[in-house]
file upload-v8.txt (compact mmCIF, C-alpha atoms (C1' of nucleotides))
# COMPACT_ATOMS: atom_id res chain seq x y z
CA MET B 1 -13.24 13.70 -54.02
CA LYS B 2 -12.19 10.10 -53.89
CA HIS B 3 -13.64 8.28 -50.93
CA ASN B 4 -10.39 6.90 -49.62
CA SER B 5 -11.26 4.54 -46.80
CA ASN B 6 -7.87 5.18 -45.22
CA VAL B 7 -8.85 8.74 -44.43
CA PRO B 8 -10.74 9.17 -41.13
CA ALA B 9 -14.23 10.57 -41.28
CA PHE B 10 -13.26 13.73 -39.45
CA LEU B 11 -10.79 14.73 -42.16
CA THR B 12 -13.10 14.10 -45.10
CA LYS B 13 -15.93 15.90 -43.35
CA LEU B 14 -13.69 18.84 -42.51
CA TRP B 15 -12.27 19.07 -46.02
CA THR B 16 -15.74 18.91 -47.58
CA LEU B 17 -16.96 21.50 -45.11
CA VAL B 18 -14.20 23.95 -45.88
CA GLU B 19 -14.39 23.28 -49.60
CA ASP B 20 -18.17 23.77 -49.71
CA ALA B 21 -18.98 27.23 -50.98
CA ASP B 22 -22.36 27.27 -49.23
CA THR B 23 -20.70 27.57 -45.83
CA ASN B 24 -18.05 30.06 -46.86
CA GLU B 25 -19.74 32.66 -44.71
CA LEU B 26 -18.76 30.70 -41.58
CA ILE B 27 -15.81 28.51 -42.61
CA CYS B 28 -13.60 28.80 -45.68
CA TRP B 29 -10.09 28.46 -47.08
CA SER B 30 -7.57 31.19 -46.49
CA GLN B 31 -6.44 33.19 -49.48
CA GLU B 32 -3.39 30.99 -50.00
CA GLY B 33 -5.49 27.87 -49.60
CA ASN B 34 -3.10 26.32 -47.06
CA SER B 35 -5.27 26.95 -43.99
CA PHE B 36 -8.89 27.45 -43.14
CA LEU B 37 -10.77 30.13 -41.22
CA VAL B 38 -13.77 29.96 -38.92
CA LEU B 39 -15.32 33.37 -39.32
CA ASP B 40 -18.01 33.25 -36.64
CA GLU B 41 -17.15 30.75 -33.95
CA GLN B 42 -20.51 30.85 -32.22
CA ARG B 43 -22.69 30.52 -35.30
CA PHE B 44 -20.32 27.91 -36.76
CA ALA B 45 -20.55 25.83 -33.59
CA LYS B 46 -24.31 25.95 -33.30
CA GLU B 47 -25.29 25.87 -36.99
CA ILE B 48 -22.64 23.94 -38.88
CA LEU B 49 -21.03 21.50 -36.44
CA PRO B 50 -24.19 19.49 -35.62
CA LYS B 51 -24.77 18.95 -39.36
CA PHE B 52 -21.48 17.06 -39.62
CA PHE B 53 -20.67 15.85 -36.13
CA LYS B 54 -22.41 14.57 -33.05
CA HIS B 55 -22.02 17.81 -31.13
CA ASN B 56 -22.15 21.57 -31.38
CA ASN B 57 -19.16 22.45 -29.23
CA MET B 58 -16.26 24.41 -30.61
CA ALA B 59 -14.06 22.84 -27.94
CA SER B 60 -14.73 19.34 -29.26
CA PHE B 61 -14.02 20.49 -32.79
CA ILE B 62 -10.71 22.05 -31.73
CA ARG B 63 -9.83 18.92 -29.78
CA GLN B 64 -10.20 16.89 -32.95
CA LEU B 65 -8.13 19.39 -34.92
CA ASN B 66 -5.30 19.12 -32.43
CA MET B 67 -5.67 15.35 -32.36
CA TYR B 68 -4.97 15.31 -36.09
CA GLY B 69 -2.03 17.67 -35.81
CA PHE B 70 -3.70 20.90 -36.90
CA ARG B 71 -2.22 24.02 -35.36
CA LYS B 72 -3.90 27.30 -34.71
CA VAL B 73 -2.41 30.06 -36.78
CA MET B 74 -1.41 32.82 -34.41
CA HIS B 75 -1.94 36.30 -35.73
CA ILE B 76 0.94 38.49 -34.76
CA ASP B 77 -0.52 41.94 -34.73
CA THR B 78 1.50 44.74 -36.16
CA GLY B 79 2.32 45.67 -32.58
CA PHE B 80 0.13 48.69 -32.73
CA VAL B 81 -3.45 47.50 -32.84
CA LYS B 82 -4.56 44.93 -30.32
CA GLN B 83 -5.92 41.76 -31.84
CA GLU B 84 -9.63 42.23 -32.42
CA ARG B 85 -11.74 40.23 -29.99
CA ASP B 86 -13.82 38.11 -32.29
CA GLY B 87 -11.55 37.84 -35.25
CA PRO B 88 -11.57 34.68 -37.31
CA VAL B 89 -9.95 31.54 -35.97
CA GLU B 90 -7.41 30.00 -38.33
CA PHE B 91 -6.07 26.43 -38.36
CA GLN B 92 -3.43 24.87 -40.52
CA HIS B 93 -1.97 21.48 -41.37
CA PRO B 94 0.77 20.81 -43.95
CA TYR B 95 -1.40 18.19 -45.65
CA PHE B 96 -4.68 20.11 -45.53
CA LYS B 97 -4.78 22.25 -48.65
CA HIS B 98 -7.39 23.72 -50.95
CA GLY B 99 -8.19 21.41 -53.87
CA GLN B 100 -5.70 18.73 -52.81
CA ASP B 101 -7.79 16.09 -51.10
CA GLY B 102 -5.17 13.49 -52.07
CA LEU B 103 -2.92 14.84 -49.33
CA LEU B 104 -5.44 14.01 -46.63
CA GLU B 105 -4.24 10.41 -46.28
CA ASN B 106 -0.93 11.74 -44.97
CA ILE B 107 -2.64 13.22 -41.93
CA LYS B 108 -2.34 10.82 -39.03
CA ARG B 109 -4.34 10.87 -35.84
CA LYS B 110 -2.14 11.08 -32.79
CA VAL B 111 -2.45 7.75 -31.03
CA SER B 112 -3.04 8.00 -27.32
CA ASN B 113 -0.91 4.89 -26.96
CA THR B 114 2.34 6.79 -27.20
CA ARG B 115 2.34 8.37 -23.77
CA PRO B 116 0.95 5.45 -21.77
CA GLU B 117 3.63 3.32 -23.47
CA ASP B 118 6.29 5.68 -22.22
CA ASN B 119 4.89 5.45 -18.73
CA LYS B 120 4.72 1.67 -18.99
CA ILE B 121 8.32 1.55 -20.16
CA ARG B 122 9.39 3.73 -17.28
CA HIS B 123 7.43 1.58 -14.89
CA GLU B 124 8.97 -1.57 -16.36
CA ASP B 125 12.40 0.02 -16.01
CA LEU B 126 11.76 0.76 -12.36
CA THR B 127 10.51 -2.77 -11.80
CA LYS B 128 13.58 -4.22 -13.49
CA ILE B 129 15.91 -2.00 -11.50
CA LEU B 130 14.25 -2.97 -8.23
CA ALA B 131 14.45 -6.66 -9.15
CA SER B 132 18.10 -6.19 -10.00
CA VAL B 133 18.78 -4.47 -6.70
CA GLN B 134 17.05 -7.23 -4.77
CA SER B 135 19.01 -9.83 -6.71
CA VAL B 136 22.29 -8.11 -5.93
CA HIS B 137 21.20 -7.76 -2.32
CA SER B 138 20.53 -11.48 -1.90
CA GLN B 139 23.82 -12.28 -3.60
CA GLN B 140 25.44 -9.93 -1.11
CA GLU B 141 23.91 -11.84 1.78
CA ASN B 142 25.04 -15.12 0.26
CA ILE B 143 28.59 -13.87 -0.10
CA ASP B 144 28.53 -12.42 3.41
CA THR B 145 27.60 -15.83 4.75
CA ARG B 146 30.35 -17.53 2.80
CA LEU B 147 32.79 -14.86 3.86
CA ALA B 148 31.94 -15.35 7.51
CA ALA B 149 32.31 -19.13 7.19
CA LEU B 150 35.65 -18.74 5.48
CA LYS B 151 36.78 -16.35 8.19
CA ARG B 152 35.87 -18.84 10.89
CA GLU B 153 37.60 -21.63 9.03
CA ASN B 154 40.58 -19.38 8.59
CA GLU B 155 40.84 -18.62 12.29
CA ALA B 156 40.54 -22.30 13.11
CA LEU B 157 43.27 -23.06 10.62
CA TRP B 158 45.54 -20.42 12.10
CA MET B 159 44.91 -21.89 15.54
CA GLU B 160 45.70 -25.37 14.37
CA ILE B 161 48.83 -24.13 12.65
CA SER B 162 49.91 -22.34 15.79
CA ASP B 163 49.24 -25.52 17.70
CA LEU B 164 51.10 -27.70 15.22
CA ARG B 165 54.06 -25.33 15.19
CA GLN B 166 54.18 -25.49 18.95
CA LYS B 167 54.04 -29.24 18.87
CA HIS B 168 56.67 -29.24 16.16
CA ALA B 169 58.95 -27.06 18.26
CA HIS B 170 58.38 -29.22 21.30
CA GLN B 171 59.14 -32.32 19.32
CA GLN B 172 62.20 -30.63 17.92
CA GLN B 173 63.36 -29.87 21.43
CA LEU B 174 62.49 -33.37 22.45
CA ILE B 175 64.51 -34.86 19.62
CA LYS B 176 67.45 -32.65 20.46
CA LYS B 177 67.28 -33.81 24.03
CA VAL B 178 66.96 -37.41 22.98
CA VAL B 179 69.92 -37.11 20.72
CA LYS B 180 71.87 -35.35 23.42
CA GLU B 181 70.74 -37.95 25.91
CA GLN B 182 71.71 -40.70 23.57
CA ASN B 183 75.12 -39.18 23.18
CA THR B 184 75.38 -38.93 26.92
CA VAL B 185 74.25 -42.51 27.25
CA LEU B 186 76.73 -43.55 24.65
CA LYS B 187 79.39 -41.91 26.73
CA SER B 188 78.19 -42.82 30.23
CA GLY B 189 76.18 -45.92 29.48
CA GLN B 190 73.31 -44.58 31.68
CA PRO B 191 69.66 -43.94 30.60
CA ASN B 192 67.79 -40.62 31.26
CA ILE B 193 64.26 -40.50 32.72
CA THR B 194 63.53 -36.92 31.57
CA MET B 195 63.40 -37.87 27.92
CA LEU B 196 60.61 -40.37 28.41
CA LYS B 197 58.51 -37.83 30.28
CA ASN B 198 58.85 -35.31 27.45
CA TYR B 199 57.82 -37.85 24.90
CA LYS B 200 54.57 -38.57 26.70
CA ALA B 201 53.83 -34.87 27.05
CA SER B 202 54.30 -34.26 23.36
CA SER B 203 51.73 -36.88 22.40
CA TYR B 204 49.07 -34.71 24.02
CA TYR B 205 49.46 -32.13 21.28
CA LEU B 206 48.35 -34.57 18.62
CA SER B 207 44.71 -33.88 19.36
CA LYS B 208 43.03 -31.41 16.94
CA PRO B 209 42.24 -27.95 18.36
CA VAL B 210 38.60 -26.94 18.79
CA MET J 1 -17.79 40.42 1.45
CA LYS J 2 -14.49 40.75 3.26
CA HIS J 3 -11.61 41.51 0.96
CA ASN J 4 -9.37 38.71 2.11
CA SER J 5 -6.05 39.21 0.38
CA ASN J 6 -5.40 35.48 0.61
CA VAL J 7 -8.18 34.76 -1.87
CA PRO J 8 -7.12 34.98 -5.55
CA ALA J 9 -8.85 37.53 -7.74
CA PHE J 10 -10.50 34.86 -9.87
CA LEU J 11 -12.38 33.43 -6.90
CA THR J 12 -13.62 36.75 -5.54
CA LYS J 13 -14.67 37.85 -9.01
CA LEU J 14 -16.46 34.58 -9.65
CA TRP J 15 -18.22 34.60 -6.30
CA THR J 16 -19.32 38.22 -6.77
CA LEU J 17 -20.47 37.41 -10.29
CA VAL J 18 -22.58 34.47 -9.22
CA GLU J 19 -23.91 36.29 -6.18
CA ASP J 20 -24.87 39.39 -8.19
CA ALA J 21 -28.60 39.36 -8.89
CA ASP J 22 -28.18 41.56 -11.98
CA THR J 23 -26.53 38.74 -13.91
CA ASN J 24 -28.81 35.98 -12.73
CA GLU J 25 -30.16 35.67 -16.25
CA LEU J 26 -26.80 34.33 -17.44
CA ILE J 27 -25.07 33.01 -14.32
CA CYS J 28 -26.57 32.19 -10.94
CA TRP J 29 -26.50 29.85 -7.95
CA SER J 30 -28.21 26.50 -8.16
CA GLN J 31 -31.29 25.97 -6.01
CA GLU J 32 -29.27 24.33 -3.25
CA GLY J 33 -26.65 27.08 -3.41
CA ASN J 34 -23.76 24.63 -3.62
CA SER J 35 -23.04 25.07 -7.32
CA PHE J 36 -23.50 27.68 -10.02
CA LEU J 37 -25.08 27.60 -13.46
CA VAL J 38 -24.17 29.34 -16.69
CA LEU J 39 -27.48 29.58 -18.47
CA ASP J 40 -26.37 30.90 -21.86
CA GLU J 41 -22.79 30.03 -22.55
CA GLN J 42 -22.43 32.21 -25.62
CA ARG J 43 -23.97 35.36 -24.21
CA PHE J 44 -22.19 34.81 -20.90
CA ALA J 45 -18.85 34.52 -22.67
CA LYS J 46 -19.29 37.58 -24.84
CA GLU J 47 -21.21 39.85 -22.47
CA ILE J 48 -20.16 38.99 -18.94
CA LEU J 49 -16.66 37.56 -19.07
CA PRO J 50 -14.93 40.66 -20.53
CA LYS J 51 -16.44 42.75 -17.74
CA PHE J 52 -14.52 40.75 -15.15
CA PHE J 53 -11.62 39.17 -16.97
CA LYS J 54 -9.18 39.93 -19.75
CA HIS J 55 -10.95 37.72 -22.27
CA ASN J 56 -14.31 36.58 -23.58
CA ASN J 57 -13.55 32.90 -24.06
CA MET J 58 -15.54 30.24 -22.28
CA ALA J 59 -12.56 27.92 -22.65
CA SER J 60 -10.33 30.24 -20.63
CA PHE J 61 -13.00 30.57 -17.97
CA ILE J 62 -13.37 26.81 -17.73
CA ARG J 63 -9.59 26.42 -17.62
CA GLN J 64 -9.50 28.67 -14.58
CA LEU J 65 -12.36 26.77 -12.95
CA ASN J 66 -10.51 23.49 -13.36
CA MET J 67 -7.31 25.12 -12.16
CA TYR J 68 -9.07 25.97 -8.90
CA GLY J 69 -10.56 22.50 -8.52
CA PHE J 70 -14.07 23.20 -9.76
CA ARG J 71 -15.78 20.23 -11.38
CA LYS J 72 -18.46 20.27 -13.99
CA VAL J 73 -21.71 18.80 -12.67
CA MET J 74 -22.74 16.04 -15.04
CA HIS J 75 -26.45 15.78 -15.61
CA ILE J 76 -27.50 12.20 -15.74
CA ASP J 77 -30.62 12.19 -17.86
CA THR J 78 -33.49 9.97 -16.88
CA GLY J 79 -32.32 7.62 -19.60
CA PHE J 80 -35.29 8.51 -21.75
CA VAL J 81 -34.77 12.01 -22.99
CA LYS J 82 -31.43 12.90 -24.49
CA GLN J 83 -29.69 15.75 -22.74
CA GLU J 84 -30.81 18.97 -24.34
CA ARG J 85 -28.13 20.52 -26.50
CA ASP J 86 -27.79 23.93 -24.95
CA GLY J 87 -28.75 23.21 -21.41
CA PRO J 88 -27.10 25.18 -18.62
CA VAL J 89 -23.54 24.38 -17.67
CA GLU J 90 -23.07 23.67 -13.97
CA PHE J 91 -19.86 23.82 -11.92
CA GLN J 92 -19.28 22.94 -8.33
CA HIS J 93 -16.61 23.23 -5.63
CA PRO J 94 -16.96 22.06 -2.00
CA TYR J 95 -15.88 25.51 -0.77
CA PHE J 96 -17.89 27.58 -3.24
CA LYS J 97 -21.30 28.10 -1.68
CA HIS J 98 -24.03 30.70 -1.75
CA GLY J 99 -23.66 33.29 0.97
CA GLN J 100 -20.51 31.70 2.44
CA ASP J 101 -17.68 33.79 1.07
CA GLY J 102 -15.62 32.83 4.12
CA LEU J 103 -15.08 29.40 2.61
CA LEU J 104 -13.33 30.83 -0.44
CA GLU J 105 -9.95 30.95 1.26
CA ASN J 106 -9.98 27.15 1.39
CA ILE J 107 -9.94 26.95 -2.39
CA LYS J 108 -6.38 26.47 -3.57
CA ARG J 109 -5.10 26.94 -7.07
CA LYS J 110 -3.44 23.85 -8.43
CA VAL J 111 0.21 24.77 -8.70
CA SER J 112 1.79 23.83 -11.97
CA ASN J 113 4.84 22.93 -9.93
CA THR J 114 3.25 19.70 -8.75
CA ARG J 115 3.70 17.72 -11.94
CA PRO J 116 7.19 18.92 -12.79
CA GLU J 117 8.06 18.20 -9.17
CA ASP J 118 6.74 14.70 -9.56
CA ASN J 119 8.86 14.26 -12.62
CA LYS J 120 11.86 15.66 -10.79
CA ILE J 121 11.22 13.38 -7.87
CA ARG J 122 10.93 10.41 -10.17
CA HIS J 123 14.16 11.46 -11.84
CA GLU J 124 15.83 11.94 -8.48
CA ASP J 125 14.53 8.54 -7.41
CA LEU J 126 16.00 6.96 -10.49
CA THR J 127 19.29 8.73 -9.88
CA LYS J 128 19.34 7.61 -6.25
CA ILE J 129 18.49 4.04 -7.18
CA LEU J 130 21.22 3.96 -9.78
CA ALA J 131 23.70 5.39 -7.29
CA SER J 132 22.60 2.80 -4.75
CA VAL J 133 23.02 -0.01 -7.27
CA GLN J 134 26.49 1.22 -8.17
CA SER J 135 27.39 1.46 -4.49
CA VAL J 136 26.22 -2.09 -3.86
CA HIS J 137 28.05 -3.21 -6.96
CA SER J 138 31.38 -1.77 -5.81
CA GLN J 139 30.82 -3.27 -2.37
CA GLN J 140 30.24 -6.56 -4.11
CA GLU J 141 33.55 -6.25 -5.93
CA ASN J 142 35.29 -5.39 -2.67
CA ILE J 143 33.84 -8.41 -0.95
CA ASP J 144 34.65 -10.60 -3.91
CA THR J 145 38.28 -9.51 -3.64
CA ARG J 146 38.39 -10.18 0.07
CA LEU J 147 36.67 -13.50 -0.45
CA ALA J 148 39.21 -14.54 -3.07
CA ALA J 149 42.08 -13.46 -0.79
CA LEU J 150 40.62 -15.39 2.12
CA LYS J 151 40.19 -18.42 -0.12
CA ARG J 152 43.85 -18.26 -1.18
CA GLU J 153 45.01 -17.77 2.40
CA ASN J 154 42.79 -20.64 3.42
CA GLU J 155 44.23 -22.97 0.83
CA ALA J 156 47.75 -22.00 1.88
CA LEU J 157 46.82 -22.68 5.49
CA TRP J 158 45.44 -26.09 4.61
CA MET J 159 48.66 -26.85 2.79
CA GLU J 160 50.78 -25.72 5.72
CA ILE J 161 48.66 -27.76 8.07
CA SER J 162 48.97 -30.78 5.86
CA ASP J 163 52.72 -30.17 5.78
CA LEU J 164 52.95 -29.69 9.53
CA ARG J 165 50.93 -32.83 10.16
CA GLN J 166 53.28 -34.75 7.93
CA LYS J 167 56.29 -33.33 9.74
CA HIS J 168 54.61 -34.10 13.03
CA ALA J 169 54.02 -37.69 11.98
CA HIS J 170 57.58 -37.97 10.76
CA GLN J 171 58.92 -36.61 14.00
CA GLN J 172 56.65 -38.91 15.89
CA GLN J 173 58.08 -41.81 13.99
CA LEU J 174 61.57 -40.45 14.53
CA ILE J 175 61.03 -40.15 18.26
CA LYS J 176 59.65 -43.65 18.44
CA LYS J 177 62.69 -44.90 16.61
CA VAL J 178 65.01 -42.90 18.82
CA VAL J 179 63.38 -44.23 21.92
CA LYS J 180 63.47 -47.76 20.54
CA GLU J 181 67.08 -47.21 19.50
CA GLN J 182 67.93 -45.91 22.94
CA ASN J 183 66.40 -48.94 24.52
CA THR J 184 68.42 -51.03 22.16
CA VAL J 185 71.51 -49.07 23.02
CA LEU J 186 70.76 -49.41 26.66
CA LYS J 187 70.62 -53.11 26.20
CA SER J 188 73.44 -53.55 23.68
CA GLY J 189 75.54 -50.50 24.47
CA GLN J 190 75.90 -49.79 20.70
CA PRO J 191 74.92 -46.56 18.92
CA ASN J 192 72.71 -46.45 15.78
CA ILE J 193 73.62 -44.35 12.75
CA THR J 194 70.11 -44.43 11.18
CA MET J 195 68.60 -42.20 13.86
CA LEU J 196 70.94 -39.33 13.20
CA LYS J 197 70.14 -39.44 9.50
CA ASN J 198 66.42 -39.22 10.22
CA TYR J 199 66.89 -36.26 12.50
CA LYS J 200 68.62 -34.25 9.84
CA ALA J 201 65.94 -35.14 7.32
CA SER J 202 63.16 -33.92 9.63
CA SER J 203 64.72 -30.49 9.97
CA TYR J 204 64.06 -29.93 6.28
CA TYR J 205 60.33 -29.80 6.94
CA LEU J 206 60.66 -26.75 9.18
CA SER J 207 60.67 -24.38 6.20
CA LYS J 208 57.28 -22.74 5.47
CA PRO J 209 55.40 -23.98 2.37
CA VAL J 210 55.09 -21.65 -0.64
C1' DG E 1 -12.18 6.64 -33.90
C1' DG E 2 -15.33 10.50 -31.59
C1' DT E 3 -16.71 13.41 -27.60
C1' DT E 4 -16.01 15.41 -23.22
C1' DC E 5 -13.78 16.99 -19.04
C1' DT E 6 -9.51 18.13 -17.11
C1' DA E 7 -4.60 19.12 -17.10
C1' DG E 8 0.16 20.47 -19.02
C1' DA E 9 2.92 23.92 -20.62
C1' DA E 10 4.24 28.18 -22.58
C1' DC E 11 3.75 32.81 -22.46
C1' DC E 12 2.31 37.01 -20.37
C1' DG T 1 -1.52 34.35 -10.93
C1' DG T 2 -4.06 34.79 -15.77
C1' DT T 3 -4.71 33.42 -20.67
C1' DT T 4 -4.10 30.43 -24.48
C1' DC T 5 -3.04 26.39 -27.17
C1' DT T 6 -2.48 21.62 -26.95
C1' DA T 7 -2.68 17.05 -24.86
C1' DG T 8 -4.19 13.24 -21.48
C1' DA T 9 -7.59 10.27 -20.15
C1' DA T 10 -12.02 8.35 -19.61
C1' DC T 11 -15.99 7.09 -21.72
C1' DC T 12 -18.72 6.04 -25.68
call {"tool": "encode", "arguments": {"input": "upload-v8.txt", "output": "structure tokens"}}
result
Amino acid sequence: MKHNSNVPAFLTKLWTLVEDADTNELICWSQEGNSFLVLDEQRFAKEILPKFFKHNNMASFIRQLNMYGFRKVMHIDTGFVKQERDGPVEFQHPYFKHGQDGLLENIKRKVSNTRPEDNKIRHEDLTKILASVQSVHSQQENIDTRLAALKRENEALWMEISDLRQKHAHQQQLIKKVVKEQNTVLKSGQPNITMLKNYKASSYYLSKPV
Amino acid sequence: MKHNSNVPAFLTKLWTLVEDADTNELICWSQEGNSFLVLDEQRFAKEILPKFFKHNNMASFIRQLNMYGFRKVMHIDTGFVKQERDGPVEFQHPYFKHGQDGLLENIKRKVSNTRPEDNKIRHEDLTKILASVQSVHSQQENIDTRLAALKRENEALWMEISDLRQKHAHQQQLIKKVVKEQNTVLKSGQPNITMLKNYKASSYYLSKPV
DNA sequence: GGTTCTAGAACC
DNA sequence: GGTTCTAGAACC
């Protein structure tokens, strides 16, 4: 086979291993050549695995298979006979086929980065949301302050208006009296002391309310 | 041992299995009695496991051990000799001890509900946070509206006050003139037409500003 | 990228 | 709660 450097060692080793006729007693292609069988798990693990890998554990071998997207082929029994205890184990991958080592480069190792990324994204989302909430909260406080100030100003303005209206009405009354007085004076030729008193009283209202 | 119904079958079977002297060749207590050893994984799996469980897979056995909180005891080699390939496998649990079957009821199976619950809780948290943000947002809009209304009212009040102050000043001037006029009248005995004009003009300012 | 221990999830 | 397949995570 071509030694394609893009293909991980595990895949080339596995393909060679399955292809090799010397080990067909323990691991070989299925009849269709689209999956492989481990005929004796225990002997395979102890005799074959350490020749190719740094261990002799079936579990580690299976972990690698799953890491590269291989799936165990489940044997649905005919419903009558229970699956035999130590039957062969079969694994399959769409790009792992007898005689077609060129397909191997399509097999990609599952990167462990995918899931941590998801968690990071979720964590970042939470962080952003919390920051947003805090931002809105401080804005709220800011607006509350402004609202309270406006309310106070508003009340003060209403008070001043009430005050000014009162003064206005008083002055209006005062003017009426003055005019009336003047008319009276024009008729009688006599001045009126009351008008002067009212005028002095009205000047008190010129001061701004607290 | 007491058949405590609170203790899952796996734990009683395991404890019995380890305690049983007949199987000490394949599985037994450690010297200290606070852990157990599987001396020959392969024979143990094929010969012992099916006698107690519904399988003969070491992987399934280990999965159960981890499910109940057992931990594999790692053998730190002296740094010189590499760990022998097929050395015994050792597992330990704080409540799994030689001769103390009473402790077994403290061993709890890890419920698979925990993780989905966590995810649910996280999802619920997200939902709550989003609801909270939306709530704050609508409050914000409410306050914004009230703030704008107050601002408008405030501006109108300032205008009315400005208007009233003007009217007040005008009236003040009018009164001064009237008084002055009256004094003049008192001295000359002649009326003044200007004052009456001013009085009518001041009444215009009584209308409220728009 | 490889190896190991532990856990998730589906199915029973 | 038990069994099986697959995946996560830590360490190398």
call {"tool": "closest_atom_pairs", "arguments": {"input": "upload-v8.txt", "of": "chain J", "to": "chain T", "cutoff": "12 Å", "atoms": "all atoms listed in the file", "output": "JSON lines"}}
result
{"residue": "J:Val7", "atom": "CA", "partner": "T:DG1", "partner_atom": "C1'", "distance": 11.3}
{"residue": "J:Pro8", "atom": "CA", "partner": "T:DG1", "partner_atom": "C1'", "distance": 7.8}
{"residue": "J:Ala9", "atom": "CA", "partner": "T:DG1", "partner_atom": "C1'", "distance": 8.6}
{"residue": "J:Phe10", "atom": "CA", "partner": "T:DG2", "partner_atom": "C1'", "distance": 8.7}
{"residue": "J:Leu11", "atom": "CA", "partner": "T:DG1", "partner_atom": "C1'", "distance": 11.6}
{"residue": "J:Phe53", "atom": "CA", "partner": "T:DG2", "partner_atom": "C1'", "distance": 8.8}
{"residue": "J:Lys54", "atom": "CA", "partner": "T:DT3", "partner_atom": "C1'", "distance": 8.0}
{"residue": "J:His55", "atom": "CA", "partner": "T:DT3", "partner_atom": "C1'", "distance": 7.7}
{"residue": "J:Asn56", "atom": "CA", "partner": "T:DT3", "partner_atom": "C1'", "distance": 10.5}
{"residue": "J:Asn57", "atom": "CA", "partner": "T:DT3", "partner_atom": "C1'", "distance": 9.5}
{"residue": "J:Met58", "atom": "CA", "partner": "T:DT3", "partner_atom": "C1'", "distance": 11.4}
{"residue": "J:Ala59", "atom": "CA", "partner": "T:DT4", "partner_atom": "C1'", "distance": 9.0}
{"residue": "J:Ser60", "atom": "CA", "partner": "T:DT3", "partner_atom": "C1'", "distance": 6.5}
{"residue": "J:Phe61", "atom": "CA", "partner": "T:DT3", "partner_atom": "C1'", "distance": 9.2}
{"residue": "J:Ile62", "atom": "CA", "partner": "T:DT3", "partner_atom": "C1'", "distance": 11.3}
{"residue": "J:Arg63", "atom": "CA", "partner": "T:DT3", "partner_atom": "C1'", "distance": 9.1}
{"residue": "J:Gln64", "atom": "CA", "partner": "T:DG2", "partner_atom": "C1'", "distance": 8.3}
{"residue": "J:Leu65", "atom": "CA", "partner": "T:DG2", "partner_atom": "C1'", "distance": 11.9}
{"residue": "J:Met67", "atom": "CA", "partner": "T:DG2", "partner_atom": "C1'", "distance": 10.8}
{"residue": "J:Tyr68", "atom": "CA", "partner": "T:DG1", "partner_atom": "C1'", "distance": 11.5}
{"residue": "J:Lys108", "atom": "CA", "partner": "T:DG1", "partner_atom": "C1'", "distance": 11.8}
{"residue": "J:Arg109", "atom": "CA", "partner": "T:DG1", "partner_atom": "C1'", "distance": 9.1}
{"residue": "J:Lys110", "atom": "CA", "partner": "T:DG1", "partner_atom": "C1'", "distance": 11.0}
{"residue": "J:Val111", "atom": "CA", "partner": "T:DG1", "partner_atom": "C1'", "distance": 10.0}
{"residue": "J:Ser112", "atom": "CA", "partner": "T:DG1", "partner_atom": "C1'", "distance": 11.1}
call {"tool": "write_last_selection", "arguments": {"input": "upload-v8.txt", "atoms": "C-alpha atoms", "output": "CSV table (one decimal), in the coordinates of the input"}}
result
chain,number,residue,atom,x,y,z
J,7,VAL,CA,-8.2,34.8,-1.9
J,8,PRO,CA,-7.1,35.0,-5.6
J,9,ALA,CA,-8.8,37.5,-7.7
J,10,PHE,CA,-10.5,34.9,-9.9
J,11,LEU,CA,-12.4,33.4,-6.9
J,53,PHE,CA,-11.6,39.2,-17.0
J,54,LYS,CA,-9.2,39.9,-19.8
J,55,HIS,CA,-11.0,37.7,-22.3
J,56,ASN,CA,-14.3,36.6,-23.6
J,57,ASN,CA,-13.6,32.9,-24.1
J,58,MET,CA,-15.5,30.2,-22.3
J,59,ALA,CA,-12.6,27.9,-22.6
J,60,SER,CA,-10.3,30.2,-20.6
J,61,PHE,CA,-13.0,30.6,-18.0
J,62,ILE,CA,-13.4,26.8,-17.7
J,63,ARG,CA,-9.6,26.4,-17.6
J,64,GLN,CA,-9.5,28.7,-14.6
J,65,LEU,CA,-12.4,26.8,-13.0
J,67,MET,CA,-7.3,25.1,-12.2
J,68,TYR,CA,-9.1,26.0,-8.9
J,108,LYS,CA,-6.4,26.5,-3.6
J,109,ARG,CA,-5.1,26.9,-7.1
J,110,LYS,CA,-3.4,23.8,-8.4
J,111,VAL,CA,0.2,24.8,-8.7
J,112,SER,CA,1.8,23.8,-12.0
call {"tool": "closest_residue", "arguments": {"input": "upload-v8.txt", "among": "B:Met159, B:Leu147, B:Leu104, B:Ala169", "to": "chain J", "atoms": "all atoms listed in the file"}}
result
B:Leu147
call {"tool": "atom_distance", "arguments": {"input": "upload-v8.txt", "atom1": "CA of Met74 in chain J", "atom2": "CA of Val89 in chain J"}}
result
8.8 Å
call {"tool": "closest_residue", "arguments": {"input": "upload-v8.txt", "among": "B:Arg43, B:His168, B:His98, B:Arg152", "to": "chain J", "atoms": "all atoms listed in the file"}}
result
B:His168
call {"tool": "atom_distance", "arguments": {"input": "upload-v8.txt", "atom1": "CA of Ile161 in chain J", "atom2": "CA of Ala149 in chain B"}}
result
18.5 Å
call {"tool": "atom_distance", "arguments": {"input": "upload-v8.txt", "atom1": "CA of Glu155 in chain J", "atom2": "CA of Leu150 in chain B"}}
result
10.6 Å
call {"tool": "closest_residue", "arguments": {"input": "upload-v8.txt", "among": "J:Thr145, J:Gln42, J:Asn24, J:Ser135", "to": "chain B", "atoms": "only C-alpha atoms"}}
result
J:Gln42
call {"tool": "residues_around", "arguments": {"input": "upload-v8.txt", "residues": "Asn106 in chain J", "least_positions_apart": "6", "cutoff": "10 Å", "atoms": "all atoms listed in the file", "output": "number ranges by chain"}}
result
J: 6-7, 94-96
